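The data block below is protein38.pdb; it holds PDB, C-alpha atoms.
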```pdb
ATOM      1  CA  MET P   1      13.341  -4.666 -11.189
ATOM      2  CA  GLU P   2      14.334  -4.266 -14.812
ATOM      3  CA  ASN P   3      15.877  -1.048 -16.054
ATOM      4  CA  ASN P   4      14.398   1.101 -18.800
ATOM      5  CA  LEU P   5      10.817   0.056 -18.195
ATOM      6  CA  ASN P   6       8.167   2.075 -19.998
ATOM      7  CA  ILE P   7       6.587   3.164 -16.730
ATOM      8  CA  ASN P   8       3.434   5.258 -16.590
ATOM      9  CA  THR P   9       2.307   5.613 -12.987
ATOM     10  CA  ARG P  10       0.635   8.032 -10.588
ATOM     11  CA  PHE P  11       0.665   9.791  -7.274
ATOM     12  CA  ALA P  12      -2.864   9.019  -6.041
ATOM     13  CA  PRO P  13      -3.457  10.662  -2.643
ATOM     14  CA  THR P  14      -6.803  11.150  -0.940
ATOM     15  CA  PRO P  15      -7.359  14.704   0.414
ATOM     16  CA  SER P  16      -8.918  13.576   3.692
ATOM     17  CA  GLY P  17      -6.262  15.186   5.887
ATOM     18  CA  TYR P  18      -2.820  16.761   5.787
ATOM     19  CA  LEU P  19      -0.082  14.527   4.408
ATOM     20  CA  HIS P  20       1.975  12.479   6.858
ATOM     21  CA  LEU P  21       5.454  11.007   6.350
ATOM     22  CA  GLY P  22       4.060   7.687   5.148
ATOM     23  CA  ASN P  23       2.356   9.464   2.238
ATOM     24  CA  VAL P  24       5.480  11.412   1.380
ATOM     25  CA  PHE P  25       7.815   8.419   1.588
ATOM     26  CA  SER P  26       5.563   6.601  -0.899
ATOM     27  CA  PHE P  27       5.675   9.661  -3.194
ATOM     28  CA  ILE P  28       9.475   9.800  -3.002
ATOM     29  CA  LEU P  29       9.813   6.089  -3.734
ATOM     30  CA  THR P  30       7.453   6.400  -6.707
ATOM     31  CA  TRP P  31       9.361   9.409  -8.023
ATOM     32  CA  LEU P  32      12.722   7.628  -7.727
ATOM     33  CA  ILE P  33      11.524   4.496  -9.522
ATOM     34  CA  VAL P  34       9.935   6.506 -12.332
ATOM     35  CA  ARG P  35      12.773   8.975 -12.847
ATOM     36  CA  LYS P  36      15.328   6.161 -12.755
ATOM     37  CA  ASN P  37      13.442   4.486 -15.607
ATOM     38  CA  SER P  38      12.585   7.664 -17.583
ATOM     39  CA  GLY P  39       8.868   7.089 -17.027
ATOM     40  CA  THR P  40       5.957   9.441 -16.446
ATOM     41  CA  ILE P  41       3.951  10.389 -13.353
ATOM     42  CA  ARG P  42       0.412  11.733 -13.141
ATOM     43  CA  LEU P  43      -0.929  13.521 -10.065
ATOM     44  CA  ARG P  44      -4.405  12.048  -9.518
ATOM     45  CA  ILE P  45      -6.222  13.215  -6.399
ATOM     46  CA  ASP P  46      -9.163  11.130  -5.155
ATOM     47  CA  ASP P  47     -11.776  13.690  -4.084
ATOM     48  CA  LEU P  48     -14.942  11.564  -4.332
ATOM     49  CA  ASP P  49     -15.465  11.720  -0.557
ATOM     50  CA  PHE P  50     -16.704  15.298  -0.846
ATOM     51  CA  GLU P  51     -17.401  15.596   2.885
ATOM     52  CA  ARG P  52     -13.700  15.134   3.731
ATOM     53  CA  ALA P  53     -11.957  16.423   0.560
ATOM     54  CA  ARG P  54     -11.237  19.932   1.757
ATOM     55  CA  HIS P  55      -9.611  22.767  -0.192
ATOM     56  CA  GLU P  56      -6.670  23.010   2.215
ATOM     57  CA  TYR P  57      -5.857  19.299   1.937
ATOM     58  CA  ILE P  58      -5.693  19.486  -1.859
ATOM     59  CA  ALA P  59      -3.459  22.565  -1.590
ATOM     60  CA  ASP P  60      -1.253  20.682   0.890
ATOM     61  CA  ILE P  61      -0.693  17.850  -1.606
ATOM     62  CA  ILE P  62       0.312  20.169  -4.438
ATOM     63  CA  GLN P  63       2.485  22.381  -2.224
ATOM     64  CA  THR P  64       4.285  19.471  -0.571
ATOM     65  CA  LEU P  65       5.200  17.862  -3.890
ATOM     66  CA  ASP P  66       6.477  21.212  -5.148
ATOM     67  CA  THR P  67       8.521  21.943  -2.015
ATOM     68  CA  LEU P  68      10.187  18.517  -2.142
ATOM     69  CA  GLY P  69      10.904  18.807  -5.862
ATOM     70  CA  LEU P  70       8.788  15.767  -6.704
ATOM     71  CA  ASP P  71       7.752  16.910 -10.146
ATOM     72  CA  TYR P  72       5.065  15.143 -12.158
ATOM     73  CA  ASP P  73       4.320  15.123 -15.862
ATOM     74  CA  TYR P  74       0.522  15.463 -15.850
ATOM     75  CA  GLY P  75      -1.966  16.866 -13.398
ATOM     76  CA  PRO P  76      -3.032  20.014 -11.557
ATOM     77  CA  VAL P  77      -0.613  22.677 -10.370
ATOM     78  CA  SER P  78      -3.215  24.546  -8.300
ATOM     79  CA  VAL P  79      -6.442  23.848  -6.430
ATOM     80  CA  ASP P  80      -8.466  25.778  -9.005
ATOM     81  CA  ALA P  81      -6.917  23.779 -11.846
ATOM     82  CA  PHE P  82      -7.748  20.588 -10.001
ATOM     83  CA  ARG P  83     -11.365  21.557  -9.371
ATOM     84  CA  ASN P  84     -11.886  22.803 -12.938
ATOM     85  CA  GLU P  85     -10.075  20.099 -14.911
ATOM     86  CA  PHE P  86      -8.925  17.094 -12.896
ATOM     87  CA  SER P  87     -11.508  16.342 -10.205
ATOM     88  CA  LYS P  88     -12.918  12.829 -10.227
ATOM     89  CA  PHE P  89     -16.356  14.388 -10.420
ATOM     90  CA  LYS P  90     -15.484  15.188 -14.042
ATOM     91  CA  ARG P  91     -15.408  11.427 -14.708
ATOM     92  CA  LEU P  92     -18.602  10.274 -12.979
ATOM     93  CA  ASP P  93     -20.200   9.246 -16.280
ATOM     94  CA  LEU P  94     -17.170   7.069 -17.012
ATOM     95  CA  TYR P  95     -17.422   5.325 -13.640
ATOM     96  CA  GLU P  96     -21.155   4.791 -14.109
ATOM     97  CA  ASP P  97     -20.512   3.179 -17.482
ATOM     98  CA  TYR P  98     -18.237   0.568 -15.901
ATOM     99  CA  ILE P  99     -20.696  -0.012 -13.045
ATOM    100  CA  GLY P 100     -23.372  -0.589 -15.669
ATOM    101  CA  GLN P 101     -21.143  -3.158 -17.355
ATOM    102  CA  LEU P 102     -20.720  -4.950 -14.043
ATOM    103  CA  GLU P 103     -24.457  -4.877 -13.411
ATOM    104  CA  ARG P 104     -25.048  -6.610 -16.732
ATOM    105  CA  THR P 105     -22.730  -9.480 -15.734
ATOM    106  CA  GLY P 106     -25.207 -10.539 -13.066
ATOM    107  CA  LEU P 107     -22.525 -10.499 -10.354
ATOM    108  CA  LEU P 108     -23.804  -7.364  -8.612
ATOM    109  CA  PHE P 109     -26.487  -7.336  -5.961
ATOM    110  CA  ASN P 110     -28.128  -4.495  -4.085
ATOM    111  CA  CYS P 111     -27.690  -4.237  -0.320
ATOM    112  CA  ALA P 112     -29.819  -2.275   2.150
ATOM    113  CA  CYS P 113     -27.780  -3.070   5.292
ATOM    114  CA  SER P 114     -26.447  -0.342   7.544
ATOM    115  CA  LYS P 115     -22.950  -0.466   9.059
ATOM    116  CA  LYS P 116     -24.539  -1.276  12.424
ATOM    117  CA  GLU P 117     -26.489  -4.185  10.943
ATOM    118  CA  ILE P 118     -23.328  -5.535   9.295
ATOM    119  CA  ARG P 119     -21.418  -5.430  12.588
ATOM    120  CA  GLU P 120     -24.271  -7.140  14.417
ATOM    121  CA  ALA P 121     -24.579  -9.866  11.772
ATOM    122  CA  SER P 122     -20.867 -10.593  11.385
ATOM    123  CA  GLY P 123     -19.242  -9.487  14.619
ATOM    124  CA  SER P 124     -16.875  -7.378  12.494
ATOM    125  CA  ASN P 125     -16.933  -4.927   9.610
ATOM    126  CA  ASN P 126     -16.774  -7.785   7.076
ATOM    127  CA  TYR P 127     -20.072  -8.043   5.251
ATOM    128  CA  PRO P 128     -21.532 -11.588   5.524
ATOM    129  CA  GLY P 129     -23.631 -11.522   2.326
ATOM    130  CA  THR P 130     -26.936 -10.798   4.041
ATOM    131  CA  CYS P 131     -28.657  -9.377   0.932
ATOM    132  CA  LEU P 132     -27.020 -11.656  -1.631
ATOM    133  CA  ASN P 133     -30.182 -13.608  -2.414
ATOM    134  CA  LYS P 134     -32.812 -10.987  -1.555
ATOM    135  CA  ALA P 135     -33.047  -9.678  -5.145
ATOM    136  CA  ILE P 136     -33.394  -6.047  -4.043
ATOM    137  CA  THR P 137     -33.939  -3.999  -7.183
ATOM    138  CA  PHE P 138     -31.198  -1.612  -8.277
ATOM    139  CA  HIS P 139     -31.377   2.178  -8.643
ATOM    140  CA  GLN P 140     -32.849   2.849  -5.227
ATOM    141  CA  SER P 141     -31.634   5.539  -2.840
ATOM    142  CA  GLU P 142     -29.655   4.634   0.285
ATOM    143  CA  THR P 143     -28.593   1.219  -0.972
ATOM    144  CA  THR P 144     -25.168  -0.191  -1.814
ATOM    145  CA  TYR P 145     -24.113  -2.166  -4.872
ATOM    146  CA  ARG P 146     -21.900  -5.096  -3.924
ATOM    147  CA  ILE P 147     -20.223  -7.788  -5.991
ATOM    148  CA  ASN P 148     -20.558 -11.495  -5.381
ATOM    149  CA  THR P 149     -17.066 -12.682  -4.487
ATOM    150  CA  GLU P 150     -17.981 -16.323  -3.855
ATOM    151  CA  SER P 151     -16.348 -17.355  -7.129
ATOM    152  CA  ILE P 152     -12.935 -15.940  -6.208
ATOM    153  CA  LYS P 153     -10.549 -18.819  -5.614
ATOM    154  CA  GLY P 154      -6.786 -18.468  -5.308
ATOM    155  CA  LEU P 155      -6.316 -14.963  -6.688
ATOM    156  CA  ILE P 156      -2.584 -14.490  -7.338
ATOM    157  CA  ILE P 157      -0.724 -11.200  -7.882
ATOM    158  CA  ASN P 158       2.783 -11.201  -9.326
ATOM    159  CA  ASP P 159       4.421  -8.325  -7.493
ATOM    160  CA  GLU P 160       7.667  -6.681  -8.597
ATOM    161  CA  LEU P 161       8.893  -6.447  -5.006
ATOM    162  CA  GLN P 162       7.028  -9.089  -3.006
ATOM    163  CA  GLY P 163       7.016 -11.849  -5.615
ATOM    164  CA  GLN P 164       3.968 -14.052  -6.066
ATOM    165  CA  ILE P 165       1.270 -13.188  -3.507
ATOM    166  CA  HIS P 166      -2.035 -14.902  -2.754
ATOM    167  CA  VAL P 167      -4.842 -12.465  -1.943
ATOM    168  CA  ASP P 168      -7.681 -13.908   0.131
ATOM    169  CA  ILE P 169     -10.583 -11.707  -1.012
ATOM    170  CA  GLU P 170     -13.168 -14.089   0.487
ATOM    171  CA  ASN P 171     -11.892 -13.332   3.991
ATOM    172  CA  GLU P 172     -10.357  -9.875   3.613
ATOM    173  CA  MET P 173     -12.902  -8.126   1.373
ATOM    174  CA  PRO P 174     -15.978 -10.331   0.965
ATOM    175  CA  PHE P 175     -18.724  -8.841  -1.220
ATOM    176  CA  PHE P 176     -16.847  -5.556  -1.553
ATOM    177  CA  VAL P 177     -18.679  -2.361  -2.466
ATOM    178  CA  ILE P 178     -18.970  -1.200  -6.078
ATOM    179  CA  ARG P 179     -21.329   1.759  -5.647
ATOM    180  CA  LYS P 180     -21.816   3.498  -2.298
ATOM    181  CA  LYS P 181     -25.057   4.597  -0.664
ATOM    182  CA  ASP P 182     -24.490   8.191  -1.744
ATOM    183  CA  GLY P 183     -24.421   7.061  -5.377
ATOM    184  CA  MET P 184     -20.664   7.529  -5.727
ATOM    185  CA  PRO P 185     -18.465   4.778  -7.165
ATOM    186  CA  SER P 186     -16.351   2.952  -4.620
ATOM    187  CA  TYR P 187     -12.593   3.402  -4.445
ATOM    188  CA  GLN P 188     -12.126   0.002  -6.082
ATOM    189  CA  VAL P 189     -14.067   1.092  -9.171
ATOM    190  CA  ALA P 190     -12.811   4.676  -9.443
ATOM    191  CA  SER P 191      -9.148   3.749  -9.032
ATOM    192  CA  LEU P 192      -9.391   0.894 -11.528
ATOM    193  CA  VAL P 193     -11.254   2.971 -14.125
ATOM    194  CA  ASP P 194      -8.797   5.852 -13.776
ATOM    195  CA  ASP P 195      -5.851   3.501 -14.245
ATOM    196  CA  ILE P 196      -7.458   2.254 -17.462
ATOM    197  CA  HIS P 197      -8.457   5.766 -18.597
ATOM    198  CA  TYR P 198      -4.963   7.196 -18.086
ATOM    199  CA  ASN P 199      -3.077   4.156 -19.404
ATOM    200  CA  ILE P 200      -1.364   3.453 -16.079
ATOM    201  CA  ASN P 201       0.836   0.374 -16.406
ATOM    202  CA  TYR P 202       2.770   0.412 -13.116
ATOM    203  CA  VAL P 203       0.993   0.670  -9.758
ATOM    204  CA  ILE P 204       3.133   1.593  -6.753
ATOM    205  CA  ARG P 205       1.313   1.493  -3.416
ATOM    206  CA  GLY P 206       1.619   0.388   0.195
ATOM    207  CA  ILE P 207       1.206  -3.262   1.075
ATOM    208  CA  ASP P 208      -1.894  -2.359   3.104
ATOM    209  CA  LEU P 209      -3.654  -1.848  -0.245
ATOM    210  CA  LEU P 210      -2.911  -5.381  -1.422
ATOM    211  CA  PRO P 211      -6.560  -6.462  -0.856
ATOM    212  CA  SER P 212      -7.659  -3.499  -2.990
ATOM    213  CA  THR P 213      -5.328  -4.626  -5.757
ATOM    214  CA  GLY P 214      -6.909  -8.062  -5.522
ATOM    215  CA  ALA P 215     -10.423  -6.605  -5.684
ATOM    216  CA  GLN P 216      -9.502  -4.520  -8.715
ATOM    217  CA  MET P 217      -7.885  -7.519 -10.406
ATOM    218  CA  PHE P 218     -11.112  -9.462  -9.880
ATOM    219  CA  VAL P 219     -13.206  -6.702 -11.489
ATOM    220  CA  ALA P 220     -10.688  -6.375 -14.317
ATOM    221  CA  ASN P 221     -10.948 -10.113 -14.947
ATOM    222  CA  VAL P 222     -14.751  -9.968 -14.992
ATOM    223  CA  LEU P 223     -14.754  -7.077 -17.496
ATOM    224  CA  LYS P 224     -11.717  -8.389 -19.418
ATOM    225  CA  LEU P 225      -9.752  -5.173 -18.905
ATOM    226  CA  ARG P 226      -6.480  -6.424 -20.328
ATOM    227  CA  PRO P 227      -4.433  -3.216 -19.836
ATOM    228  CA  PHE P 228      -4.907  -3.402 -16.059
ATOM    229  CA  LEU P 229      -4.367  -7.163 -15.981
ATOM    230  CA  LYS P 230      -1.043  -6.658 -17.763
ATOM    231  CA  SER P 231       0.079  -3.882 -15.399
ATOM    232  CA  LYS P 232       2.994  -4.332 -13.025
ATOM    233  CA  PHE P 233       2.506  -3.908  -9.267
ATOM    234  CA  PHE P 234       4.951  -2.808  -6.589
ATOM    235  CA  HIS P 235       3.648  -3.060  -3.003
ATOM    236  CA  HIS P 236       6.092  -1.493  -0.568
ATOM    237  CA  GLN P 237       6.324  -1.854   3.186
ATOM    238  CA  LEU P 238       4.666   0.832   5.325
ATOM    239  CA  LEU P 239       6.287   3.466   7.477
ATOM    240  CA  LYS P 240       5.205   2.751  11.040
ATOM    241  CA  ASP P 241       5.063   4.526  14.369
ATOM    242  CA  GLY P 242       5.935   1.646  16.650
ATOM    243  CA  GLU P 243       3.620  -1.205  15.648
ATOM    244  CA  GLU P 244       0.997   1.020  14.011
ATOM    245  CA  LYS P 245       1.002   2.286  10.428
ATOM    246  CA  LEU P 246       0.887   6.051  10.031
ATOM    247  CA  THR P 247      -2.536   7.470   9.169
ATOM    248  CA  LYS P 248      -3.939  10.969   8.757
ATOM    249  CA  SER P 249      -6.056  10.504  11.869
ATOM    250  CA  GLN P 250      -3.019   9.917  14.087
ATOM    251  CA  LYS P 251      -1.278  12.624  16.063
ATOM    252  CA  SER P 252       2.004  12.312  14.170
ATOM    253  CA  PRO P 253       3.055  15.734  12.834
ATOM    254  CA  PRO P 254       1.825  16.621   9.352
ATOM    255  CA  VAL P 255       4.585  17.034   6.798
ATOM    256  CA  PHE P 256       3.958  20.762   6.350
ATOM    257  CA  GLU P 257       5.051  21.266   9.962
ATOM    258  CA  ILE P 258       8.300  19.398   9.304
ATOM    259  CA  LEU P 259       8.916  21.398   6.104
ATOM    260  CA  SER P 260       8.367  24.684   7.947
ATOM    261  CA  LYS P 261      11.682  24.116   9.772
ATOM    262  CA  PRO P 262      14.965  25.153   8.081
ATOM    263  CA  GLU P 263      16.328  21.608   8.112
ATOM    264  CA  GLY P 264      12.952  19.958   7.437
ATOM    265  CA  LYS P 265      13.407  19.003   3.791
ATOM    266  CA  ALA P 266      16.893  17.594   4.345
ATOM    267  CA  GLN P 267      15.615  15.625   7.326
ATOM    268  CA  ILE P 268      12.841  14.028   5.257
ATOM    269  CA  PHE P 269      15.283  12.875   2.581
ATOM    270  CA  GLN P 270      17.692  11.585   5.220
ATOM    271  CA  ASP P 271      14.927   9.676   7.031
ATOM    272  CA  PHE P 272      13.746   8.228   3.721
ATOM    273  CA  SER P 273      17.243   6.998   2.866
ATOM    274  CA  GLU P 274      17.352   5.203   6.221
ATOM    275  CA  TRP P 275      13.868   3.715   5.684
ATOM    276  CA  ILE P 276      14.836   2.033   2.421
ATOM    277  CA  GLY P 277      18.228   0.933   3.713
ATOM    278  CA  LEU P 278      20.504   3.043   1.544
ATOM    279  CA  PRO P 279      24.175   2.558   2.448
ATOM    280  CA  GLU P 280      24.664   6.271   3.066
ATOM    281  CA  ARG P 281      22.567   9.151   4.330
ATOM    282  CA  VAL P 282      21.634  11.854   1.863
ATOM    283  CA  THR P 283      19.934  15.212   2.336
ATOM    284  CA  THR P 284      18.875  16.270  -1.189
ATOM    285  CA  LEU P 285      16.642  14.719  -3.814
ATOM    286  CA  ALA P 286      19.408  14.820  -6.449
ATOM    287  CA  GLU P 287      21.768  12.893  -4.172
ATOM    288  CA  LEU P 288      18.984  10.475  -3.330
ATOM    289  CA  LEU P 289      18.340   9.697  -6.999
ATOM    290  CA  SER P 290      22.037   9.193  -7.665
ATOM    291  CA  VAL P 291      22.521   6.794  -4.741
ATOM    292  CA  PHE P 292      19.214   5.071  -5.492
ATOM    293  CA  GLU P 293      20.293   4.277  -9.047
ATOM    294  CA  MET P 294      23.489   2.662  -7.820
ATOM    295  CA  SER P 295      22.044   0.802  -4.852
ATOM    296  CA  GLN P 296      18.523  -0.271  -5.763
ATOM    297  CA  MET P 297      19.135  -4.011  -5.773
ATOM    298  CA  LYS P 298      20.835  -3.826  -2.378
ATOM    299  CA  PHE P 299      17.846  -2.400  -0.522
ATOM    300  CA  GLN P 300      14.867  -4.048  -2.221
ATOM    301  CA  ASN P 301      14.568  -6.552   0.613
ATOM    302  CA  GLN P 302      14.342  -3.664   3.063
ATOM    303  CA  LEU P 303      11.238  -2.383   1.291
ATOM    304  CA  GLY P 304       9.582  -5.762   1.046
ATOM    305  CA  ILE P 305      10.499  -7.256   4.412
TER     306      ILE P 305
END
```

Translate the structure of the given file into C-alpha cells.
Amino acid sequence: MENNLNINTRFAPTPSGYLHLGNVFSFILTWLIVRKNSGTIRLRIDDLDFERARHEYIADIIQTLDTLGLDYDYGPVSVDAFRNEFSKFKRLDLYEDYIGQLERTGLLFNCACSKKEIREASGSNNYPGTCLNKAITFHQSETTYRINTESIKGLIINDELQGQIHVDIENEMPFFVIRKKDGMPSYQVASLVDDIHYNINYVIRGIDLLPSTGAQMFVANVLKLRPFLKSKFFHHQLLKDGEEKLTKSQKSPPVFEILSKPEGKAQIFQDFSEWIGLPERVTTLAELLSVFEMSQMKFQNQLGI
C-alpha cells in the first residue's frame, strides 16, 4: 500500500446485534490504515432493516468506538443524532432515484417468488431466474426487483491486499436483489449509493463481502458511476472461531462484555496485534498505531492469507 493516500473511507456496521470481535478488528484495521495516511473516516450505520435495527445496537456501536478511542471525522455521536440526521431513511429518495435509473436500463425484472419457492426451484438459496422472462409489471407490493446478471463475464477487482481477484457473480450472486419486497433498497444499492454520495474512495471490508463488491461494481458499470469504479478496495481476512467466521448470531461474547473487564481494552488491542501478525504485542491504540506504521509491509500477507 502506498503512503500518503487521500483516503476517505467509512465504518459501516449493521445494527442487527451487539458487536463481536470480528466487527471491532475490522474497525481497528480501518482506523489504523486511515490515520497512518492522514485520511478521513465516516461512521455510517446501515439501519434499513428496521425490524432488527434496535436502539441498543446503535448505542453499542457508538459507545464501543468511543471506548476504544477509534475516533471518526463525520457521523453521529449519539443515537438521537443518528436517528435525526444520519439514518439511511433520510436518503430513501436518493436510493429510489438510482433504482429508477437502473429500471430505465432494461436490466431489472420483477420477481414474485418466495424464499421457499426459490429453495425448491434451485435446491439452494441462489435464485435461478424463474421470473426473468415473465414480464411482471413493476411497482407492485410484495415483489422483488432483481437485476439480470447473465451479461456478467469475468468481473475483475484489483484489490490493494489480495491483488487481482475474479468475482463469479453468475454463481455466487445470480440475479441479485435491487429492491426488496418491503420496498426498501437492497444492501447492494444502499451501500453503493452512500459511497457515491459521501465521496468514499477507499473501501475496507472483510473478504466475505467480495461478492457484494462485485455486485456493486456491476451496477456502477451499468450506471457509469466513475467515482466508485475508481475507488480502491481492501478485503481483509476474517477473524474466525475455529473454522467458522464470527457472526452476531453466534454465542461468542459481545465486545461490551469484554470491555466491561478492567483488562478488556488492552486485551482487544493485544489480540488484534496477534491477528495481523505484528512482531510485538501491544496493549494501547497509540502503541498499535506506532508499531503498525513501522511494520505494515511485514504483516500484509497475514491479513490476506

task: Taking the file as shown, find all residues satisfying the PyMOL selection byres ((chain P and resi 130) around 10) and write them as JSON, numbers by chain.
output: {"P": [111, 112, 113, 117, 118, 121, 122, 127, 128, 129, 131, 132, 133, 134, 175]}

Take the PyMOL selection byres ((chain P and resi 65) around 10), apply it to the structure above, and return the hits as a ChimeraX atom specification.
/P:11,24,27-28,43,60-64,66-72,77

Export of prior selection with C-alpha atoms as a CSV table (one decimal), in the coordinates of the input:
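Wrote it out as out_25.csv, contents follow:
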```csv
chain,number,residue,atom,x,y,z
P,11,PHE,CA,0.7,9.8,-7.3
P,24,VAL,CA,5.5,11.4,1.4
P,27,PHE,CA,5.7,9.7,-3.2
P,28,ILE,CA,9.5,9.8,-3.0
P,43,LEU,CA,-0.9,13.5,-10.1
P,60,ASP,CA,-1.3,20.7,0.9
P,61,ILE,CA,-0.7,17.8,-1.6
P,62,ILE,CA,0.3,20.2,-4.4
P,63,GLN,CA,2.5,22.4,-2.2
P,64,THR,CA,4.3,19.5,-0.6
P,66,ASP,CA,6.5,21.2,-5.1
P,67,THR,CA,8.5,21.9,-2.0
P,68,LEU,CA,10.2,18.5,-2.1
P,69,GLY,CA,10.9,18.8,-5.9
P,70,LEU,CA,8.8,15.8,-6.7
P,71,ASP,CA,7.8,16.9,-10.1
P,72,TYR,CA,5.1,15.1,-12.2
P,77,VAL,CA,-0.6,22.7,-10.4
```

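For the point (23.6, 12.3, -4.0) in file coordinates, the residues within 12 Å, using all atoms listed in the file, are Ala266, Phe269, Gln270, Ser273, Leu278, Pro279, Glu280, Arg281, Val282, Thr283, Thr284, Leu285, Ala286, Glu287, Leu288, Leu289, Ser290, Val291, Phe292, Glu293, Met294 and Ser295 of chain P.
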
- Query: Which residues fall under the PyMOL selection byres ((chain P and resi 51) around 12) in this file, as number ranges by chain?
  - Reply: P: 15-17, 47-50, 52-55, 182

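In this comparison, which uses all atoms listed in the file, the residue of P:Phe25, P:Tyr18, P:Tyr145, P:Tyr57 approaching His236 (chain P) most closely is P:Phe25.
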
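With all atoms listed in the file as the atoms that count, the residue of P:Ile165, P:Ile99, P:Leu259, P:Ala135 with the shortest distance to Val189 (chain P) is P:Ile99.
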
*Within 12 Å of Gln101 (chain P), counting all atoms listed in the file, which residues qualify if same-chain residues fewer than 2 places away don't, as a list of chain:residue names?*
P:Leu94, P:Tyr95, P:Glu96, P:Asp97, P:Tyr98, P:Ile99, P:Glu103, P:Arg104, P:Thr105, P:Gly106, P:Leu107, P:Leu108, P:Ile178, P:Val189, P:Val219, P:Ala220, P:Val222, P:Leu223, P:Lys224, P:Leu225

For the selection just defined, write its residues with C-alpha atoms to a file, as an mmCIF file, in the coordinates of the input.
```cif
data_model
loop_
_atom_site.group_PDB
_atom_site.id
_atom_site.type_symbol
_atom_site.label_atom_id
_atom_site.label_comp_id
_atom_site.auth_asym_id
_atom_site.auth_seq_id
_atom_site.Cartn_x
_atom_site.Cartn_y
_atom_site.Cartn_z
ATOM 1 C CA LEU P 94 -17.170 7.069 -17.012
ATOM 2 C CA TYR P 95 -17.422 5.325 -13.640
ATOM 3 C CA GLU P 96 -21.155 4.791 -14.109
ATOM 4 C CA ASP P 97 -20.512 3.179 -17.482
ATOM 5 C CA TYR P 98 -18.237 0.568 -15.901
ATOM 6 C CA ILE P 99 -20.696 -0.012 -13.045
ATOM 7 C CA GLU P 103 -24.457 -4.877 -13.411
ATOM 8 C CA ARG P 104 -25.048 -6.610 -16.732
ATOM 9 C CA THR P 105 -22.730 -9.480 -15.734
ATOM 10 C CA GLY P 106 -25.207 -10.539 -13.066
ATOM 11 C CA LEU P 107 -22.525 -10.499 -10.354
ATOM 12 C CA LEU P 108 -23.804 -7.364 -8.612
ATOM 13 C CA ILE P 178 -18.970 -1.200 -6.078
ATOM 14 C CA VAL P 189 -14.067 1.092 -9.171
ATOM 15 C CA VAL P 219 -13.206 -6.702 -11.489
ATOM 16 C CA ALA P 220 -10.688 -6.375 -14.317
ATOM 17 C CA VAL P 222 -14.751 -9.968 -14.992
ATOM 18 C CA LEU P 223 -14.754 -7.077 -17.496
ATOM 19 C CA LYS P 224 -11.717 -8.389 -19.418
ATOM 20 C CA LEU P 225 -9.752 -5.173 -18.905
#
```

Compile the contact shell of Gly214 (chain P) as a PDB file with C-alpha atoms, keeping the file's coordinate frame: residues with an atom at most 12 Å away, counting all atoms listed in the file, same-chain residues fewer than 3 positions apart removed.
```pdb
ATOM      1  CA  THR P 149     -17.066 -12.682  -4.487  1.00  0.00           C
ATOM      2  CA  ILE P 152     -12.935 -15.940  -6.208  1.00  0.00           C
ATOM      3  CA  LYS P 153     -10.549 -18.819  -5.614  1.00  0.00           C
ATOM      4  CA  GLY P 154      -6.786 -18.468  -5.308  1.00  0.00           C
ATOM      5  CA  LEU P 155      -6.316 -14.963  -6.688  1.00  0.00           C
ATOM      6  CA  ILE P 156      -2.584 -14.490  -7.338  1.00  0.00           C
ATOM      7  CA  ILE P 157      -0.724 -11.200  -7.882  1.00  0.00           C
ATOM      8  CA  ASN P 158       2.783 -11.201  -9.326  1.00  0.00           C
ATOM      9  CA  ASP P 159       4.421  -8.325  -7.493  1.00  0.00           C
ATOM     10  CA  ILE P 165       1.270 -13.188  -3.507  1.00  0.00           C
ATOM     11  CA  HIS P 166      -2.035 -14.902  -2.754  1.00  0.00           C
ATOM     12  CA  VAL P 167      -4.842 -12.465  -1.943  1.00  0.00           C
ATOM     13  CA  ASP P 168      -7.681 -13.908   0.131  1.00  0.00           C
ATOM     14  CA  ILE P 169     -10.583 -11.707  -1.012  1.00  0.00           C
ATOM     15  CA  GLU P 170     -13.168 -14.089   0.487  1.00  0.00           C
ATOM     16  CA  ASN P 171     -11.892 -13.332   3.991  1.00  0.00           C
ATOM     17  CA  GLU P 172     -10.357  -9.875   3.613  1.00  0.00           C
ATOM     18  CA  MET P 173     -12.902  -8.126   1.373  1.00  0.00           C
ATOM     19  CA  PRO P 174     -15.978 -10.331   0.965  1.00  0.00           C
ATOM     20  CA  PHE P 176     -16.847  -5.556  -1.553  1.00  0.00           C
ATOM     21  CA  GLN P 188     -12.126   0.002  -6.082  1.00  0.00           C
ATOM     22  CA  LEU P 192      -9.391   0.894 -11.528  1.00  0.00           C
ATOM     23  CA  ILE P 207       1.206  -3.262   1.075  1.00  0.00           C
ATOM     24  CA  ASP P 208      -1.894  -2.359   3.104  1.00  0.00           C
ATOM     25  CA  LEU P 209      -3.654  -1.848  -0.245  1.00  0.00           C
ATOM     26  CA  LEU P 210      -2.911  -5.381  -1.422  1.00  0.00           C
ATOM     27  CA  PRO P 211      -6.560  -6.462  -0.856  1.00  0.00           C
ATOM     28  CA  MET P 217      -7.885  -7.519 -10.406  1.00  0.00           C
ATOM     29  CA  PHE P 218     -11.112  -9.462  -9.880  1.00  0.00           C
ATOM     30  CA  VAL P 219     -13.206  -6.702 -11.489  1.00  0.00           C
ATOM     31  CA  ALA P 220     -10.688  -6.375 -14.317  1.00  0.00           C
ATOM     32  CA  ASN P 221     -10.948 -10.113 -14.947  1.00  0.00           C
ATOM     33  CA  PHE P 228      -4.907  -3.402 -16.059  1.00  0.00           C
ATOM     34  CA  LEU P 229      -4.367  -7.163 -15.981  1.00  0.00           C
ATOM     35  CA  PHE P 233       2.506  -3.908  -9.267  1.00  0.00           C
ATOM     36  CA  HIS P 235       3.648  -3.060  -3.003  1.00  0.00           C
TER      37      HIS P 235
END
```
